[in-house]
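The structure appears below as structure tokens.
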Amino acid sequence: MSRILIVEDEKKIARFLELELEHEGYEVATAEDGRTGLEKALSWKPDLMILDLMLPELSGIEVCRRLRHESDLPIIMLTAKDDVSDKVMGLDMGADDYMTKPFAIEELLARIRVGLKKRRVSESYYPSFTPVITCGDLTLDAGSYTVTCKGTPVLLTKKEFDLLRYLMQHKGQAMTRDSLLTDVWGYDYTGDTNVVDVYIRYLRHKIDEPFGIKTLYTIRAVGYMFNYE
Ligand code: CA
């Protein structure tokens, strides 16, 4: 039975979700503030977390950020505001998905199933997985979530890291924006497709420009390609 942690300070919503998820056969725990949520995420070890953005004690973004140092637990963030910057921020801090309140419970259940499936795939994938990819002066270590270029650590957010890793795994291949969105942002990401361009810009700003190298190529009418010897 999969365990789901709900971190939500609005009691009505938390109770509603708890009942619905238990009805679906999940084992459920709840927390009403960010700090308790973070503690339960680490101690109870859920398989997925539903995390409200606006929380007392610690915000959802802060919970996400701290949790990502220790765990790749799938996180679906709930936001009351239809505010792109909050969503991008949440995804940036390592949330896997988000939903804007109010939402249809069926949609949330579908996203939970996707999140849990992704987790199973990655768990079965990792044991035989070589975490270190090196291309020229650039080294990415998926085990420790670190990137170094010419021996200098490069600080990336989780999403920047995921995008770079994906592109490095497909070195020399032109990747379409659609495939990047599907594989890096996940299944049916419905936000702005410009998010890929925005993140490529972030990566160029952190890797290509400061280190005076060229790794990220724009492939006209297709998307992007990583290449670097
Ligand atoms: Ca709230």
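Identifiers in the structure tokens: chain A, B, ... in order shown; residue index from 1 per chain; ligand index from 1 in order shown.
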Could you list, as a count of residues only, all protein and nucleic acid residues with an atom at most 8 Å from ligand 1, counting only C-alpha atoms and all ligand atoms? 10
Excluding Arg204 of chain A and its own-chain neighbours fewer than 4 positions away, which residues fall within 9 Å of it when counting only C-alpha atoms? Please give them as an mmCIF file with N, CA, C and O atoms, in the first residue's frame.
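Output file selection.cif follows:
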```
data_model
loop_
_atom_site.group_PDB
_atom_site.id
_atom_site.type_symbol
_atom_site.label_atom_id
_atom_site.label_comp_id
_atom_site.auth_asym_id
_atom_site.auth_seq_id
_atom_site.Cartn_x
_atom_site.Cartn_y
_atom_site.Cartn_z
ATOM 1 N N TYR A 199 14.865 27.624 -19.060
ATOM 2 C CA TYR A 199 15.847 26.811 -18.336
ATOM 3 C C TYR A 199 17.145 26.608 -19.119
ATOM 4 O O TYR A 199 18.213 26.501 -18.520
ATOM 5 N N ILE A 200 17.032 26.559 -20.445
ATOM 6 C CA ILE A 200 18.256 26.493 -21.251
ATOM 7 C C ILE A 200 19.071 27.775 -21.009
ATOM 8 O O ILE A 200 20.293 27.733 -20.849
ATOM 9 N N ASP A 208 27.889 27.614 -19.764
ATOM 10 C CA ASP A 208 28.578 28.068 -20.984
ATOM 11 C C ASP A 208 29.275 29.410 -20.797
ATOM 12 O O ASP A 208 30.453 29.566 -21.121
ATOM 13 N N GLU A 209 28.516 30.380 -20.278
ATOM 14 C CA GLU A 209 29.069 31.734 -20.192
ATOM 15 C C GLU A 209 30.232 31.856 -19.197
ATOM 16 O O GLU A 209 31.318 32.270 -19.582
ATOM 17 N N PRO A 210 30.043 31.454 -17.929
ATOM 18 C CA PRO A 210 31.148 31.665 -16.984
ATOM 19 C C PRO A 210 32.394 30.840 -17.304
ATOM 20 O O PRO A 210 33.504 31.272 -17.007
ATOM 21 N N LYS A 214 31.136 25.940 -24.971
ATOM 22 C CA LYS A 214 29.848 25.839 -25.670
ATOM 23 C C LYS A 214 29.352 24.415 -25.520
ATOM 24 O O LYS A 214 29.988 23.468 -25.985
ATOM 25 N N THR A 215 28.224 24.264 -24.801
ATOM 26 C CA THR A 215 27.683 22.913 -24.593
ATOM 27 C C THR A 215 26.241 22.811 -25.077
ATOM 28 O O THR A 215 25.782 21.748 -25.445
ATOM 29 N N LEU A 216 25.525 23.934 -25.043
ATOM 30 C CA LEU A 216 24.086 23.885 -25.328
ATOM 31 C C LEU A 216 23.788 24.581 -26.643
ATOM 32 O O LEU A 216 23.966 25.795 -26.763
#
```
Coordinates-based distance that separates atom CA of Gly34 of chain A from atom CA of Ala142 of chain A (Å, one decimal): 27.2 Å
Rounded to one decimal, what separation in Å do you get between atom CA of Cys135 of chain A and atom CA of Arg201 of chain A? 19.7 Å
When you look at Glu160 of chain A with a cut-off of 8 Å (counting only C-alpha atoms), what residues show up, excluding the ones that are within fewer than 4 positions of it in the same chain? I need them as a list in words. Asp92, Leu156, Leu164, Tyr199, Tyr202 and Leu203 of chain A
Can you write just those residues out, C-alpha atoms, as a compact mmCIF listing (two decimals), in the first residue's frame?
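Contents of part-v7.txt, as written:
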```txt
# COMPACT_ATOMS: atom_id res chain seq x y z
CA ASP A 92 12.50 24.94 -9.46
CA LEU A 156 22.06 24.15 -10.12
CA LEU A 164 21.23 19.03 -17.98
CA TYR A 199 15.85 26.81 -18.34
CA TYR A 202 19.65 29.48 -16.95
CA LEU A 203 22.04 26.65 -17.83
```
Atomic distance atom CA of Met49 of chain A - atom CA of Leu73 of chain A, expressed in Å with one decimal: 7.1 Å
Close residues, Ile112 of chain A itself excluded, 12 Å, only C-alpha atoms, min 6 positions apart in chain, as a list in words: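 The residues satisfying every condition are Ser2, Arg3, Ile4, Leu5, Ile6, Leu17, Leu21, Glu24, Tyr26, Asp47, Leu48, Met49, Ile50, Pro74, Ile75, Ile76, Met77, Asp96, Asp97, Tyr98, Met99, Ile105, Glu106, Lys118 and Arg119 of chain A.
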Written file, previous selection with N, CA and C atoms, as a PDB file, in the first residue's frame:
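Result went into part.pdb, see below:
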```pdb
ATOM      1  N   SER A   2       0.630   2.142  -0.945  1.00  0.00           N
ATOM      2  CA  SER A   2       1.452   3.345  -1.023  1.00  0.00           C
ATOM      3  C   SER A   2       1.061   4.346   0.059  1.00  0.00           C
ATOM      4  N   ARG A   3       2.079   5.017   0.583  1.00  0.00           N
ATOM      5  CA  ARG A   3       1.854   6.002   1.645  1.00  0.00           C
ATOM      6  C   ARG A   3       1.872   7.413   1.064  1.00  0.00           C
ATOM      7  N   ILE A   4       0.869   8.174   1.439  1.00  0.00           N
ATOM      8  CA  ILE A   4       0.815   9.552   0.957  1.00  0.00           C
ATOM      9  C   ILE A   4       0.717  10.511   2.131  1.00  0.00           C
ATOM     10  N   LEU A   5       1.587  11.491   2.116  1.00  0.00           N
ATOM     11  CA  LEU A   5       1.580  12.519   3.158  1.00  0.00           C
ATOM     12  C   LEU A   5       0.924  13.785   2.608  1.00  0.00           C
ATOM     13  N   ILE A   6      -0.071  14.274   3.335  1.00  0.00           N
ATOM     14  CA  ILE A   6      -0.754  15.516   2.943  1.00  0.00           C
ATOM     15  C   ILE A   6      -0.303  16.631   3.889  1.00  0.00           C
ATOM     16  N   LEU A  17      -9.151  15.435   1.401  1.00  0.00           N
ATOM     17  CA  LEU A  17      -8.130  14.656   0.688  1.00  0.00           C
ATOM     18  C   LEU A  17      -7.850  13.344   1.412  1.00  0.00           C
ATOM     19  N   LEU A  21      -8.345   9.796  -0.377  1.00  0.00           N
ATOM     20  CA  LEU A  21      -7.167   8.950  -0.625  1.00  0.00           C
ATOM     21  C   LEU A  21      -7.279   7.624   0.126  1.00  0.00           C
ATOM     22  N   GLU A  24      -9.360   5.409  -1.785  1.00  0.00           N
ATOM     23  CA  GLU A  24      -8.638   4.834  -2.924  1.00  0.00           C
ATOM     24  C   GLU A  24      -7.671   3.730  -2.485  1.00  0.00           C
ATOM     25  N   TYR A  26      -5.048   4.188  -0.230  1.00  0.00           N
ATOM     26  CA  TYR A  26      -3.725   4.646   0.192  1.00  0.00           C
ATOM     27  C   TYR A  26      -3.661   4.757   1.714  1.00  0.00           C
ATOM     28  N   ASP A  47       5.517   7.630   0.102  1.00  0.00           N
ATOM     29  CA  ASP A  47       5.890   7.390  -1.298  1.00  0.00           C
ATOM     30  C   ASP A  47       5.617   8.616  -2.159  1.00  0.00           C
ATOM     31  N   LEU A  48       4.792   9.508  -1.613  1.00  0.00           N
ATOM     32  CA  LEU A  48       4.453  10.732  -2.353  1.00  0.00           C
ATOM     33  C   LEU A  48       3.941  11.760  -1.356  1.00  0.00           C
ATOM     34  N   MET A  49       4.186  13.017  -1.654  1.00  0.00           N
ATOM     35  CA  MET A  49       3.720  14.078  -0.756  1.00  0.00           C
ATOM     36  C   MET A  49       2.877  15.090  -1.530  1.00  0.00           C
ATOM     37  N   ILE A  50       1.740  15.445  -0.933  1.00  0.00           N
ATOM     38  CA  ILE A  50       0.928  16.540  -1.462  1.00  0.00           C
ATOM     39  C   ILE A  50       1.200  17.727  -0.551  1.00  0.00           C
ATOM     40  N   PRO A  74       8.424  12.019  -4.618  1.00  0.00           N
ATOM     41  CA  PRO A  74       7.595  12.812  -5.534  1.00  0.00           C
ATOM     42  C   PRO A  74       6.723  13.813  -4.762  1.00  0.00           C
ATOM     43  N   ILE A  75       6.700  15.043  -5.227  1.00  0.00           N
ATOM     44  CA  ILE A  75       5.943  16.100  -4.551  1.00  0.00           C
ATOM     45  C   ILE A  75       4.965  16.736  -5.531  1.00  0.00           C
ATOM     46  N   ILE A  76       3.690  16.736  -5.145  1.00  0.00           N
ATOM     47  CA  ILE A  76       2.689  17.487  -5.912  1.00  0.00           C
ATOM     48  C   ILE A  76       2.338  18.710  -5.090  1.00  0.00           C
ATOM     49  N   MET A  77       2.600  19.873  -5.645  1.00  0.00           N
ATOM     50  CA  MET A  77       2.377  21.096  -4.884  1.00  0.00           C
ATOM     51  C   MET A  77       0.988  21.660  -5.180  1.00  0.00           C
ATOM     52  N   ASP A  96       7.510  17.994  -8.266  1.00  0.00           N
ATOM     53  CA  ASP A  96       7.393  17.249  -9.512  1.00  0.00           C
ATOM     54  C   ASP A  96       6.210  17.732 -10.329  1.00  0.00           C
ATOM     55  N   ASP A  97       5.252  18.310  -9.643  1.00  0.00           N
ATOM     56  CA  ASP A  97       4.008  18.660 -10.306  1.00  0.00           C
ATOM     57  C   ASP A  97       3.296  19.680  -9.419  1.00  0.00           C
ATOM     58  N   TYR A  98       2.305  20.343  -9.972  1.00  0.00           N
ATOM     59  CA  TYR A  98       1.522  21.233  -9.120  1.00  0.00           C
ATOM     60  C   TYR A  98       0.079  21.247  -9.578  1.00  0.00           C
ATOM     61  N   MET A  99      -0.816  21.618  -8.703  1.00  0.00           N
ATOM     62  CA  MET A  99      -2.218  21.785  -9.040  1.00  0.00           C
ATOM     63  C   MET A  99      -2.704  23.078  -8.412  1.00  0.00           C
ATOM     64  N   ILE A 105     -10.858  16.262  -7.917  1.00  0.00           N
ATOM     65  CA  ILE A 105     -10.174  15.172  -7.212  1.00  0.00           C
ATOM     66  C   ILE A 105      -9.681  14.098  -8.195  1.00  0.00           C
ATOM     67  N   GLU A 106     -10.460  13.871  -9.279  1.00  0.00           N
ATOM     68  CA  GLU A 106     -10.040  12.850 -10.263  1.00  0.00           C
ATOM     69  C   GLU A 106      -8.690  13.225 -10.874  1.00  0.00           C
ATOM     70  N   LYS A 118       6.263   6.936 -11.518  1.00  0.00           N
ATOM     71  CA  LYS A 118       7.588   7.496 -11.794  1.00  0.00           C
ATOM     72  C   LYS A 118       8.576   7.036 -10.741  1.00  0.00           C
ATOM     73  N   ARG A 119       8.102   7.038  -9.486  1.00  0.00           N
ATOM     74  CA  ARG A 119       8.976   6.651  -8.386  1.00  0.00           C
ATOM     75  C   ARG A 119       9.395   5.193  -8.519  1.00  0.00           C
TER      76      ARG A 119
END
```
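When the distance limit is 8 Å and only C-alpha atoms are what count, the residues near segment 166-169 of chain A, minus those fewer than 6 positions from it on the same chain, are A:Ile133, A:Cys135, A:Met175, A:Val184, A:Met225, A:Phe226, A:Asn227.
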Would you return as number ranges by chain the members of chain A that DSSP assigns to helix (DSSP H, G or I) on this structure's backbone? A: 11-23, 34-43, 60-67, 84-92, 105-128, 158-169, 177-185, 194-211
Residues near Thr36 of chain A, cut-off 12 Å, only C-alpha atoms, skip fewer than 3 positions along chain, as a ChimeraX atom specification: /A:5-9,29-33,39-44,51,55-60,63
Expected file contents, prior selection, N, CA and C atoms, as a compact mmCIF listing (two decimals), in the first residue's frame:
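Final file, selection_33.txt:
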```
# COMPACT_ATOMS: atom_id res chain seq x y z
N LEU A 5 1.59 11.49 2.12
CA LEU A 5 1.58 12.52 3.16
C LEU A 5 0.92 13.78 2.61
N ILE A 6 -0.07 14.27 3.34
CA ILE A 6 -0.75 15.52 2.94
C ILE A 6 -0.30 16.63 3.89
N VAL A 7 0.29 17.67 3.34
CA VAL A 7 0.69 18.80 4.17
C VAL A 7 -0.15 20.00 3.74
N GLU A 8 -1.12 20.32 4.55
CA GLU A 8 -2.13 21.33 4.18
C GLU A 8 -2.71 21.91 5.46
N ASP A 9 -2.69 23.25 5.58
CA ASP A 9 -3.19 23.86 6.82
C ASP A 9 -4.69 24.14 6.78
N ALA A 29 -1.17 10.09 5.92
CA ALA A 29 -0.85 10.87 7.12
C ALA A 29 -0.99 12.34 6.75
N THR A 30 -1.27 13.17 7.74
CA THR A 30 -1.42 14.59 7.45
C THR A 30 -0.53 15.42 8.38
N ALA A 31 -0.23 16.63 7.92
CA ALA A 31 0.48 17.61 8.75
C ALA A 31 -0.11 18.97 8.43
N GLU A 32 -0.19 19.84 9.43
CA GLU A 32 -0.87 21.12 9.24
C GLU A 32 0.09 22.29 9.06
N ASP A 33 1.37 22.05 9.22
CA ASP A 33 2.31 23.14 8.95
C ASP A 33 3.56 22.57 8.29
N GLU A 39 9.24 17.10 8.83
CA GLU A 39 9.65 16.04 9.76
C GLU A 39 8.99 14.70 9.41
N LYS A 40 7.68 14.76 9.12
CA LYS A 40 6.98 13.51 8.78
C LYS A 40 7.47 12.93 7.46
N ALA A 41 7.82 13.81 6.52
CA ALA A 41 8.31 13.33 5.23
C ALA A 41 9.60 12.54 5.43
N LEU A 42 10.41 12.96 6.41
CA LEU A 42 11.69 12.28 6.65
C LEU A 42 11.53 11.06 7.55
N SER A 43 10.60 11.12 8.51
CA SER A 43 10.49 10.01 9.47
C SER A 43 9.51 8.93 9.01
N TRP A 44 8.38 9.32 8.46
CA TRP A 44 7.34 8.35 8.08
C TRP A 44 7.64 7.72 6.72
N LEU A 51 1.71 18.79 -1.14
CA LEU A 51 2.26 19.88 -0.33
C LEU A 51 1.63 21.21 -0.71
N LEU A 55 1.89 27.79 3.81
CA LEU A 55 1.78 27.03 5.05
C LEU A 55 2.39 27.82 6.20
N PRO A 56 1.88 27.63 7.41
CA PRO A 56 2.55 28.24 8.55
C PRO A 56 3.87 27.53 8.87
N GLU A 57 4.72 28.19 9.60
CA GLU A 57 6.03 27.66 10.05
C GLU A 57 7.07 27.65 8.92
N LEU A 58 6.83 26.79 7.91
CA LEU A 58 7.72 26.77 6.74
C LEU A 58 6.83 26.76 5.51
N SER A 59 7.15 27.55 4.51
CA SER A 59 6.33 27.55 3.29
C SER A 59 6.57 26.24 2.52
N GLY A 60 5.64 25.95 1.61
CA GLY A 60 5.79 24.75 0.78
C GLY A 60 7.09 24.77 0.00
N VAL A 63 9.89 23.84 2.34
CA VAL A 63 9.84 22.40 2.64
C VAL A 63 10.47 21.62 1.49
```
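With distances restricted to only C-alpha atoms, A:Leu109 is the closest residue to His23 of chain A from A:Gln173, A:Ser144, A:Leu109, A:Ile207.
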Please identify the strand (DSSP E) residues within segment 9-204 of chain A (assignment by DSSP from backbone atoms) and present them as a PyMOL selection string. chain A and resi 27-31+48-52+75-79+97-100+132-135+138-141+146-149+152-154+175-176
Could you check the closest approach to Gly25 of chain A for each of A:Cys64, A:Met1, A:Ile13, A:Leu140 and tell me which residue wins, using only C-alpha atoms?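 Answer, going by the shortest atom-to-atom distance: A:Met1.
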I'd like to know which of A:Val198, A:Pro46, A:Asp72, A:Phe211 is closest to Pro153 of chain A, using only C-alpha atoms.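 Ranking A:Val198, A:Pro46, A:Asp72, A:Phe211 by distance to Pro153 of chain A, first place goes to A:Phe211.
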From A:Thr157, A:Leu78, A:Arg113, A:Glu229, residue lying nearest Thr100 of chain A [only C-alpha atoms]: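 Checking each candidate against Thr100 of chain A, we get A:Leu78 as the closest.
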